[in-house]
file run34.cif (mmCIF, C-alpha atoms)
data_input
loop_
_atom_site.label_atom_id
_atom_site.label_comp_id
_atom_site.auth_asym_id
_atom_site.auth_seq_id
_atom_site.Cartn_x
_atom_site.Cartn_y
_atom_site.Cartn_z
CA MET A 1 22.05 -27.21 12.98
CA HIS A 2 19.57 -25.51 10.70
CA PRO A 3 19.38 -26.58 7.09
CA ASN A 4 20.97 -24.25 4.54
CA VAL A 5 18.21 -24.32 1.95
CA THR A 6 14.86 -22.64 1.79
CA SER A 7 13.03 -20.37 -0.61
CA LYS A 8 12.70 -16.62 -0.76
CA GLU A 9 8.92 -17.00 -0.43
CA LYS A 10 9.24 -19.02 2.79
CA LEU A 11 11.65 -16.46 4.21
CA LEU A 12 9.29 -13.61 3.32
CA LEU A 13 6.38 -15.40 5.02
CA ALA A 14 8.48 -15.92 8.16
CA ALA A 15 9.69 -12.31 8.02
CA LYS A 16 6.12 -10.98 7.75
CA GLU A 17 5.06 -13.10 10.73
CA LEU A 18 7.99 -11.71 12.74
CA ALA A 19 7.07 -8.20 11.61
CA LYS A 20 3.50 -8.72 12.82
CA THR A 21 4.57 -9.90 16.26
CA GLU A 22 7.70 -7.81 16.85
CA GLY A 23 7.48 -5.00 14.31
CA LEU A 24 9.31 -4.37 11.06
CA SER A 25 11.97 -2.34 12.84
CA ALA A 26 12.90 -5.36 14.97
CA LEU A 27 13.39 -7.66 11.98
CA GLN A 28 16.97 -8.99 11.97
CA MET A 29 18.77 -11.55 9.81
CA ARG A 30 19.42 -13.89 12.76
CA SER A 31 15.88 -13.70 14.13
CA LEU A 32 14.54 -14.46 10.65
CA ALA A 33 16.87 -17.43 10.29
CA SER A 34 15.73 -18.75 13.65
CA ALA A 35 12.03 -18.23 12.86
CA ALA A 36 12.39 -19.88 9.45
CA GLY A 37 14.48 -22.76 10.83
CA VAL A 38 17.43 -22.14 8.52
CA ALA A 39 21.06 -21.15 8.85
CA VAL A 40 21.81 -17.43 8.81
CA GLY A 41 23.79 -17.93 5.59
CA SER A 42 20.60 -19.08 3.87
CA VAL A 43 18.99 -15.74 4.66
CA TYR A 44 21.99 -13.91 3.22
CA ASN A 45 21.67 -15.99 0.02
CA TYR A 46 18.42 -14.15 -0.69
CA PHE A 47 18.92 -10.85 1.14
CA PRO A 48 22.45 -9.40 1.21
CA ASN A 49 21.63 -7.07 4.15
CA LYS A 50 18.87 -5.98 6.50
CA ASN A 51 17.74 -3.12 4.26
CA ALA A 52 17.34 -5.47 1.31
CA LEU A 53 15.25 -7.71 3.57
CA LEU A 54 13.11 -4.78 4.76
CA THR A 55 12.59 -3.61 1.19
CA ALA A 56 11.42 -7.07 0.13
CA VAL A 57 9.12 -7.39 3.14
CA VAL A 58 7.58 -3.95 2.58
CA ALA A 59 7.04 -4.80 -1.11
CA SER A 60 5.37 -8.06 -0.14
CA ILE A 61 3.11 -6.28 2.36
CA TRP A 62 2.08 -3.68 -0.25
CA PHE A 63 1.31 -6.53 -2.66
CA ASP A 64 -0.77 -8.34 -0.04
CA MET A 65 -2.76 -5.19 0.70
CA PHE A 66 -3.91 -4.77 -2.88
CA HIS A 67 -3.79 -8.21 -4.48
CA ASN A 68 -5.01 -10.62 -1.80
CA ASP A 69 -8.35 -9.02 -1.07
CA PRO A 70 -11.27 -11.50 -1.20
CA GLU A 71 -13.80 -8.64 -1.39
CA GLU A 72 -12.10 -6.98 -4.36
CA ASN A 73 -14.29 -8.61 -7.01
CA THR A 74 -17.58 -8.17 -5.12
CA ARG A 75 -17.35 -4.53 -4.07
CA ASN A 76 -18.89 -1.55 -5.85
CA THR A 77 -16.39 -0.15 -8.34
CA GLY A 78 -17.40 3.52 -8.36
CA PHE A 79 -14.60 5.99 -7.87
CA CYS A 80 -15.49 7.05 -4.33
CA ASP A 81 -15.96 3.41 -3.34
CA THR A 82 -12.53 2.63 -4.78
CA VAL A 83 -10.98 5.47 -2.75
CA SER A 84 -12.66 4.18 0.42
CA HIS A 85 -11.57 0.63 -0.35
CA ALA A 86 -7.94 1.67 -0.91
CA PHE A 87 -7.98 3.54 2.40
CA SER A 88 -9.48 0.50 4.13
CA GLN A 89 -6.86 -1.85 2.68
CA ILE A 90 -4.05 0.36 3.93
CA GLN A 91 -5.72 0.57 7.36
CA LYS A 92 -5.81 -3.25 7.51
CA GLY A 93 -2.12 -3.35 6.61
CA ILE A 94 -1.24 -0.75 9.22
CA ALA A 95 -3.21 -2.70 11.84
CA ALA A 96 -1.26 -5.85 11.02
CA TYR A 97 2.09 -4.02 10.76
CA PRO A 98 1.92 -1.02 13.14
CA ASP A 99 5.34 0.37 12.20
CA PHE A 100 4.77 -0.02 8.45
CA PHE A 101 5.36 3.62 7.53
CA ALA A 102 8.26 3.92 10.00
CA ALA A 103 9.97 1.04 8.18
CA HIS A 104 9.73 3.06 4.97
CA ARG A 105 11.73 5.86 6.61
CA VAL A 106 14.44 3.39 7.71
CA ILE A 107 14.73 1.99 4.20
CA PHE A 108 14.90 5.45 2.64
CA ASN A 109 17.50 6.65 5.13
CA GLU A 110 19.91 3.78 4.60
CA GLY A 111 21.58 1.74 1.87
CA GLU A 112 18.57 0.46 -0.06
CA LYS A 113 17.33 3.93 -0.98
CA GLU A 114 17.33 3.34 -4.75
CA ASN A 115 15.43 0.03 -4.47
CA ALA A 116 13.02 1.55 -1.95
CA LEU A 117 12.32 4.48 -4.29
CA LYS A 118 11.59 2.05 -7.14
CA LEU A 119 9.30 0.06 -4.87
CA ARG A 120 7.44 3.16 -3.73
CA GLU A 121 7.08 4.48 -7.28
CA SER A 122 5.85 1.11 -8.55
CA THR A 123 3.33 0.76 -5.73
CA PHE A 124 2.07 4.33 -5.94
CA SER A 125 1.87 4.16 -9.73
CA HIS A 126 -0.19 0.98 -9.49
CA MET A 127 -2.55 2.61 -6.98
CA ALA A 128 -2.91 5.78 -9.08
CA LYS A 129 -3.68 3.70 -12.21
CA ASN A 130 -6.38 1.82 -10.31
CA LEU A 131 -7.91 5.09 -9.14
CA LEU A 132 -7.85 6.49 -12.68
CA SER A 133 -9.45 3.31 -14.08
CA ALA A 134 -12.19 3.52 -11.46
CA LEU A 135 -12.77 7.21 -12.25
CA GLU A 136 -13.00 6.57 -15.98
CA ALA A 137 -15.34 3.61 -15.51
CA ASP A 138 -17.68 5.35 -13.06
CA PRO A 139 -20.94 6.07 -14.94
CA ARG A 140 -22.18 8.38 -12.17
CA VAL A 141 -19.52 11.05 -12.83
CA ARG A 142 -21.15 14.21 -14.20
CA PRO A 143 -20.04 14.90 -17.77
CA ASP A 144 -19.21 18.56 -17.03
CA VAL A 145 -16.77 17.89 -14.16
CA PHE A 146 -13.65 17.83 -16.31
CA ASP A 147 -13.90 21.11 -18.17
CA GLY A 148 -10.27 21.98 -18.73
CA SER A 149 -9.65 23.70 -15.41
CA LEU A 150 -9.80 20.29 -13.73
CA THR A 151 -8.34 17.19 -15.36
CA LYS A 152 -8.71 13.54 -14.39
CA THR A 153 -4.97 13.33 -13.77
CA ALA A 154 -5.06 16.35 -11.46
CA LEU A 155 -7.98 14.87 -9.52
CA ILE A 156 -6.15 11.54 -9.12
CA SER A 157 -3.05 13.39 -7.89
CA PHE A 158 -5.14 15.40 -5.42
CA THR A 159 -6.92 12.27 -4.18
CA PHE A 160 -3.76 10.24 -3.82
CA THR A 161 -1.91 13.04 -2.02
CA HIS A 162 -4.76 13.34 0.47
CA LEU A 163 -4.95 9.58 0.97
CA LEU A 164 -1.24 9.53 1.82
CA ALA A 165 -1.69 12.41 4.25
CA LEU A 166 -4.57 10.59 5.93
CA TRP A 167 -2.60 7.34 6.25
CA ASN A 168 0.45 9.11 7.61
CA SER A 169 -1.58 11.10 10.13
CA GLY A 170 -3.29 8.00 11.50
CA ALA A 171 -6.79 9.05 10.40
CA LYS A 172 -9.48 6.48 11.13
CA ASP A 173 -11.45 7.08 7.93
CA CYS A 174 -11.46 9.04 4.70
CA ASP A 175 -15.11 10.10 4.87
CA THR A 176 -14.43 13.83 4.46
CA LEU A 177 -12.34 13.18 1.35
CA THR A 178 -14.95 10.89 -0.22
CA THR A 179 -17.75 13.34 0.63
CA ILE A 180 -15.88 16.15 -1.15
CA LEU A 181 -15.18 13.89 -4.13
CA SER A 182 -18.79 12.69 -4.23
CA LYS A 183 -20.18 16.23 -4.27
CA LEU A 184 -17.73 17.24 -6.98
CA LEU A 185 -18.17 14.19 -9.18
CA TYR A 186 -21.81 13.27 -8.66
CA GLY A 187 -23.39 16.57 -7.70
CA ASP A 188 -26.85 16.03 -6.25
CA GLN A 189 -26.99 12.44 -7.49
CA GLU A 190 -25.44 11.02 -4.34
CA VAL A 191 -24.60 12.30 -0.88
CA ARG A 192 -22.07 10.20 0.99
CA PRO A 193 -22.03 9.96 4.79
#
call {"tool": "encode", "arguments": {"input": "run34.cif", "output": "structure tokens"}}
result
Amino acid sequence: MHPNVTSKEKLLLAAKELAKTEGLSALQMRSLASAAGVAVGSVYNYFPNKNALLTAVVASIWFDMFHNDPEENTRNTGFCDTVSHAFSQIQKGIAAYPDFFAAHRVIFNEGEKENALKLRESTFSHMAKNLLSALEADPRVRPDVFDGSLTKTALISFTFTHLLALWNSGAKDCDTLTTILSKLLYGDQEVRP
């Protein structure tokens, strides 16, 4: 018989490994218990249902994408580089978890909708704040770009909306977006590929 004790962190690690090999949509309470070597009741101690489990796993994956990046401190921190880096991090996550965005739809369509909305808002807010910080810290941005008809907040919203569209469409890169942003923000100072 499996032991009845574990930790939420160990269960999340086992759940993410299962999600990598079988997909998030195949993640079940019993398969997680088996993979973690615990009784099914132990899983229910931490996750009252499958949607709560999926929500926690998706949150953990989002966290991993943006907080466990060894290159984060060594990369260029200009705005366009930050946009490219965010796109790249999501691409790595999607490669590891191919049904990542599909799992979001399952969570939003079932019982954990409120928690999933909070998770999405928290994650997206964090990403938008990072983009805004990078924009404000980028010394290459032309001083006349934000003249009243275009605000920093509007540009962040535009950028983030287009990043989401690219991720959801399965785009392989965000080069067109960063080229447009580069020409707008830097003018003739820099031409991106």
call {"tool": "residues_around", "arguments": {"input": "run34.cif", "residues": "Ser7 (chain A)", "least_positions_apart": "4", "cutoff": "12 Å", "atoms": "all atoms listed in the file", "output": "ChimeraX atom specification"}}
result
/A:3,11-14,33,36-38,42-47
call {"tool": "atom_distance", "arguments": {"input": "run34.cif", "atom1": "CA of Arg142 (chain A)", "atom2": "CA of Tyr186 (chain A)"}}
result
5.7 Å
call {"tool": "atom_distance", "arguments": {"input": "run34.cif", "atom1": "CA of Gly187 (chain A)", "atom2": "CA of Val141 (chain A)"}}
result
8.5 Å
call {"tool": "atom_distance", "arguments": {"input": "run34.cif", "atom1": "CA of Leu131 (chain A)", "atom2": "CA of Thr161 (chain A)"}}
result
12.2 Å
call {"tool": "residues_around", "arguments": {"input": "run34.cif", "residues": "Phe79 (chain A)", "least_positions_apart": "2", "cutoff": "7 Å", "atoms": "all atoms listed in the file", "output": "list in words"}}
result
Thr77, Asp81, Thr82, Val83, Leu131, Ala134, Leu135 and Asp138 of chain A
call {"tool": "resolve_selection", "arguments": {"input": "run34.cif", "expression": "the PyMOL selection byres ((chain A and resi 63) around 12)", "output": "ChimeraX atom specification"}}
result
/A:56-62,64-69,89-90,93,119-120,122-124,126-127
call {"tool": "residues_around", "arguments": {"input": "run34.cif", "residues": "Val40 (chain A)", "least_positions_apart": "6", "cutoff": "8 Å", "atoms": "all atoms listed in the file", "output": "number ranges by chain"}}
result
A: 29-30, 33-34
call {"tool": "closest_residue", "arguments": {"input": "run34.cif", "among": "A:Ser125, A:Gln91, A:Ser25, A:Thr55", "to": "Gly170 (chain A)", "atoms": "all atoms listed in the file"}}
result
A:Gln91
call {"tool": "build_atoms", "arguments": {"input": "run34.cif", "residues": "region 5-19 of chain A", "atoms": "N, CA, C and O atoms", "output": "PDB file, in the frame of the given file"}}
result
ATOM      1  N   VAL A   5      19.024 -24.603   3.124  1.00  0.00           N
ATOM      2  CA  VAL A   5      18.210 -24.320   1.950  1.00  0.00           C
ATOM      3  C   VAL A   5      16.812 -23.910   2.378  1.00  0.00           C
ATOM      4  O   VAL A   5      16.307 -24.346   3.395  1.00  0.00           O
ATOM      5  N   THR A   6      16.239 -23.079   1.595  1.00  0.00           N
ATOM      6  CA  THR A   6      14.860 -22.640   1.790  1.00  0.00           C
ATOM      7  C   THR A   6      14.457 -21.942   0.503  1.00  0.00           C
ATOM      8  O   THR A   6      15.111 -22.090  -0.520  1.00  0.00           O
ATOM      9  N   SER A   7      13.413 -21.175   0.544  1.00  0.00           N
ATOM     10  CA  SER A   7      13.030 -20.370  -0.610  1.00  0.00           C
ATOM     11  C   SER A   7      12.820 -18.935  -0.149  1.00  0.00           C
ATOM     12  O   SER A   7      12.545 -18.683   1.028  1.00  0.00           O
ATOM     13  N   LYS A   8      12.919 -18.028  -1.074  1.00  0.00           N
ATOM     14  CA  LYS A   8      12.700 -16.620  -0.760  1.00  0.00           C
ATOM     15  C   LYS A   8      11.273 -16.413  -0.244  1.00  0.00           C
ATOM     16  O   LYS A   8      11.046 -15.644   0.697  1.00  0.00           O
ATOM     17  N   GLU A   9      10.313 -17.129  -0.844  1.00  0.00           N
ATOM     18  CA  GLU A   9       8.920 -17.000  -0.430  1.00  0.00           C
ATOM     19  C   GLU A   9       8.724 -17.431   1.011  1.00  0.00           C
ATOM     20  O   GLU A   9       8.020 -16.782   1.779  1.00  0.00           O
ATOM     21  N   LYS A  10       9.361 -18.546   1.413  1.00  0.00           N
ATOM     22  CA  LYS A  10       9.240 -19.020   2.790  1.00  0.00           C
ATOM     23  C   LYS A  10       9.887 -18.023   3.761  1.00  0.00           C
ATOM     24  O   LYS A  10       9.358 -17.772   4.845  1.00  0.00           O
ATOM     25  N   LEU A  11      10.997 -17.462   3.362  1.00  0.00           N
ATOM     26  CA  LEU A  11      11.650 -16.460   4.210  1.00  0.00           C
ATOM     27  C   LEU A  11      10.782 -15.215   4.348  1.00  0.00           C
ATOM     28  O   LEU A  11      10.672 -14.639   5.433  1.00  0.00           O
ATOM     29  N   LEU A  12      10.162 -14.786   3.259  1.00  0.00           N
ATOM     30  CA  LEU A  12       9.290 -13.610   3.320  1.00  0.00           C
ATOM     31  C   LEU A  12       8.076 -13.870   4.222  1.00  0.00           C
ATOM     32  O   LEU A  12       7.673 -12.996   4.985  1.00  0.00           O
ATOM     33  N   LEU A  13       7.509 -15.068   4.137  1.00  0.00           N
ATOM     34  CA  LEU A  13       6.380 -15.400   5.020  1.00  0.00           C
ATOM     35  C   LEU A  13       6.809 -15.354   6.484  1.00  0.00           C
ATOM     36  O   LEU A  13       6.110 -14.785   7.328  1.00  0.00           O
ATOM     37  N   ALA A  14       7.969 -15.945   6.789  1.00  0.00           N
ATOM     38  CA  ALA A  14       8.480 -15.920   8.160  1.00  0.00           C
ATOM     39  C   ALA A  14       8.796 -14.492   8.598  1.00  0.00           C
ATOM     40  O   ALA A  14       8.520 -14.108   9.742  1.00  0.00           O
ATOM     41  N   ALA A  15       9.358 -13.697   7.691  1.00  0.00           N
ATOM     42  CA  ALA A  15       9.690 -12.310   8.020  1.00  0.00           C
ATOM     43  C   ALA A  15       8.432 -11.498   8.297  1.00  0.00           C
ATOM     44  O   ALA A  15       8.397 -10.683   9.231  1.00  0.00           O
ATOM     45  N   LYS A  16       7.372 -11.711   7.522  1.00  0.00           N
ATOM     46  CA  LYS A  16       6.120 -10.980   7.750  1.00  0.00           C
ATOM     47  C   LYS A  16       5.480 -11.400   9.078  1.00  0.00           C
ATOM     48  O   LYS A  16       4.922 -10.562   9.782  1.00  0.00           O
ATOM     49  N   GLU A  17       5.581 -12.654   9.438  1.00  0.00           N
ATOM     50  CA  GLU A  17       5.060 -13.100  10.730  1.00  0.00           C
ATOM     51  C   GLU A  17       5.843 -12.447  11.876  1.00  0.00           C
ATOM     52  O   GLU A  17       5.253 -11.997  12.858  1.00  0.00           O
ATOM     53  N   LEU A  18       7.170 -12.391  11.728  1.00  0.00           N
ATOM     54  CA  LEU A  18       7.990 -11.710  12.740  1.00  0.00           C
ATOM     55  C   LEU A  18       7.621 -10.222  12.810  1.00  0.00           C
ATOM     56  O   LEU A  18       7.526  -9.649  13.894  1.00  0.00           O
ATOM     57  N   ALA A  19       7.420  -9.620  11.653  1.00  0.00           N
ATOM     58  CA  ALA A  19       7.070  -8.200  11.610  1.00  0.00           C
ATOM     59  C   ALA A  19       5.735  -7.944  12.298  1.00  0.00           C
ATOM     60  O   ALA A  19       5.558  -6.924  12.954  1.00  0.00           O
TER      61      ALA A  19
END
